[in-house]
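Data block below; observations after.
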Protein chains: 2
Amino acid sequence: MFLARDRWLCNLSTMEKPLETIIVDSILDAIADQRLHAGTKLGEQALSDLFGCNRAHVRRALGTLTAYHVVDHLPNRGAYVATPTPQDARDVFQARRAIETVICRNAVRQATSEDIAALRVHLAQEALARGSGDRSAAVRLSRGFHLLLGRVGRNPVLLRYLEELTMRSSLIIGLYATGHGTLCADDEHTRITDAIEARDMDAAQDLLDQHLRHIEAGIRFGDDAPVTGALSMALRRDAR
Amino acid sequence: MFLARDRWLCNLSTMEKPLETIIVDSILDAIADQRLHAGTKLGEQALSDLFGCNRAHVRRALGTLTAYHVVDHLPNRGAYVATPTPQDARDVFQARRAIETVICRNAVRQATSEDIAALRVHLAQEALARGSGDRSAAVRLSRGFHLLLGRVGRNPVLLRYLEELTMRSSLIIGLYATGHGTLCADDEHTRITDAIEARDMDAAQDLLDQHLRHIEAGIRFGDDAPVTGALSMALRRDAR
DNA sequence: ATAACACGAATTGTTAACAATCAGATAATA
DNA sequence: TATTATCTGATTGTTAACAATTCGTGTTAT
């Protein structure tokens with residue numbers, strides 16, 4: 001009985017996550033940061049070596065990533081970072097509008113002052129990253145804003161879908177975004193936060209809807225150049 | 001080269017699906033038909049024996065079902081059919097409203113005459129099942145209507161979420177539905193179809209939203225009696 | 001009589017070896 | 001020379017054996 005408690009405390013102290021989660025998150029982060037490009041092969045042996053673990057663990061991790069639709073699994077040929085088509089992009093962004101507008105209304109209804117404060121802190125971080133020209137951090141923080149909003153909305157079902165959709169969005173933006181595109185205009189996030197603080201549900205929803213349409217409008221289809229990057233390089237957090 | 005073609009033709013002729021898919025669909029169907037009740041343990045050995053296959057296949061199938069949130073996986077203790085809480089139910093139905101209203105608008109915009117015809121055929125089947133008092137078939141067909149609508153909407157992303165949400169809804173209804181509840185009032189499906197055929201987007205969306213609210217209102221929380229059923233019985237398609 | 005303990009059976013988790021399939025290179029043929 | 005066939009190395013898929021944990025049962029002590 002107390003043995004279990006000891007193990008629990010041990011886990012708390014070392015903060016060791018389940019191995020599969022580490023692999024999934026690493027790959028997800030690498031994709032969100034655009035260190036892993038669409039079309040890159042994710043070999044089982046290579047990942048096993050990188051994470052110093054069994055191939056079975058890698059296999060399960062790739063399975064959940066496949067369920068997320070962020071990697072494609074070709075039978076007998078391996079797993080590859082998904083290459084979303086323009087139609088995929090339209091479908092994903094329509095789904096985001098459907099889900100995030102509702103999330104936004106929830107956020108307006110339920111946001112505490114702590115939530116607002118957290119959003120403000122996040123906005124400051126975004127501004128900082130944008131100011132220092134750290135594109136990778138900017139992309140990650142931009143996604144983080146939408147996820148934070150999702151958490152304020154307090155609907156785990158919608159939040160889970162949002163996690164997947166923002167992930168696929170990162171892939172899409174990495175594939176199709178034009179260089180000039182201001183990925184997530186910072187002041188749009190700010191104005192959304194303002195509307196939430198003002199408890200103006202319709203305004204917040206409308207701002208978010210327009211924000212998502214702006215992002216979608218900023219991606220240009222036509223020159224699909226899925227650059228294949230080296231796996232071991234991409235998964236190092238300090239790369240780039 | 002032609003060897004591959006032979007294998008392909010062979011697969012086509014026998015229509016053999018991947019094994020994992022068979023297991024997943026069987027369990028999913030059993031849950032949708034309410035032959036598998038919330039809380040039922042899904043032992044790996046038991047399922048391996050039932051499907052005459054390796055334990056690894058069962059394990060992967062249970063993994064994807066866990067990703068669908070229709071089974072809960074307790075480490076070192078096994079997989080159990082999920083037992084949604086009342087809060088889960090509210091979250092699921094809010095997500096359904098968010099997603100299905102958009103699906104519905106897509107359907108109004110894109111439905112072909114063949115789509116309308118398919119919907120009418122389905123409505124007839126629903127009426128038939130309702131008339132003959134086949135509750136199991138009625139539940140399955142009711143879900144089928146929403147899925148058919150999802151296919152007409154032609155957004156695979158939203159359709160996949162809808163599949164998961166209707167599955168969880170089946171579980172929820174099986175857990176909490178009152179006997180008197182008309183699960184999906186048939187004429188509501190009919191009126192939605194009428195609105196789609198009339199290309200009245202707002203009316204169709206409104207009818208669907210109200211329809212989902214009616215379903216949600218029909219479930220009563222308070223007496224949670226998650227009946228545990230026998231596994232081998234539940235998975236036989238002719239059971240009940 | 002109840003609660004804590006210990007043991008054994010059953011179940012889940014992990015690992016490694018084996019089989020099947022695919023990609024690329026080499027050789028053979030028209 | 002271009003095309004096809006074959007062979008080889010590498011990668012994925014499958015299976016079974018092993019290790020670790022949990023659950024039920026019977027026992028013991030208070």
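Residues are referred to by chain and number: the chain letter is A, B, ... according to the order shown in the structure tokens, the number counts from 1 in that chain, and ligands are numbered separately from 1 in the order shown.
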Test item: residues at most 7 Å from Leu171 in chain A, only C-alpha atoms (C1' of nucleotides), excluding those fewer than 2 positions along its chain, as number ranges by chain:
A: 31-32, 38, 167-169, 173-175
Restricting it to C-alpha atoms, dump the selection as a short mmCIF file (atom, residue, chain, number, x, y, z; two decimals), in the first residue's frame.
```cif
data_model
loop_
_atom_site.label_atom_id
_atom_site.label_comp_id
_atom_site.auth_asym_id
_atom_site.auth_seq_id
_atom_site.Cartn_x
_atom_site.Cartn_y
_atom_site.Cartn_z
CA ILE A 31 6.51 19.90 -36.40
CA ALA A 32 4.98 22.92 -34.71
CA ALA A 38 6.10 17.54 -44.45
CA MET A 167 -1.04 21.00 -34.97
CA ARG A 168 -2.23 20.33 -38.48
CA SER A 169 -2.36 24.08 -39.02
CA ILE A 173 1.49 26.91 -42.59
CA GLY A 174 4.94 25.38 -42.77
CA LEU A 175 4.08 23.96 -46.18
#
```
Using only C-alpha atoms (C1' of nucleotides), which residues of range 39-85 of chain B come within 9 Å of range 6-21 of chain D, and what is the closest atom pair for each, with the distance in Å to one decimal? Give it as a Markdown table, sorted by chain and residue number.
```
| residue | atom | partner | partner_atom | distance |
| --- | --- | --- | --- | --- |
| B:Asn54 | CA | D:DT15 | C1' | 7.8 |
| B:Ala56 | CA | D:DT14 | C1' | 8.7 |
| B:Asn76 | CA | D:DT21 | C1' | 6.3 |
| B:Arg77 | CA | D:DT21 | C1' | 8.5 |
```
Pull out every residue of chain A sitting within 10 Å of chain D, counting only C-alpha atoms (C1' of nucleotides), and send them as a ChimeraX atom specification.
/A:43-45,75-78
Using only C-alpha atoms (C1' of nucleotides), find the residues of chain C whose closest atom to chain A is at most 8 Å away, then write them as a PyMOL selection string.
chain C and resi 15+21-22
Using only C-alpha atoms, what table do you get, as CSV, when you list each residue of chain B with an atom no more than 6 Å from chain A, its nearest pair of atoms, and their distance in Å rounded to one decimal, rows by chain then rising number?
```
residue,atom,partner,partner_atom,distance
B:Asp91,CA,A:Asn155,CA,5.8
B:Ala98,CA,A:Ala98,CA,5.8
B:Asn155,CA,A:Asp91,CA,5.8
```
Which of these residues is nearest to Glu114 in chain A, using only C-alpha atoms: A:Val152, A:Cys53, A:Ala198, A:Ala61?
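Closest to Glu114 in chain A of all the choices is A:Val152.
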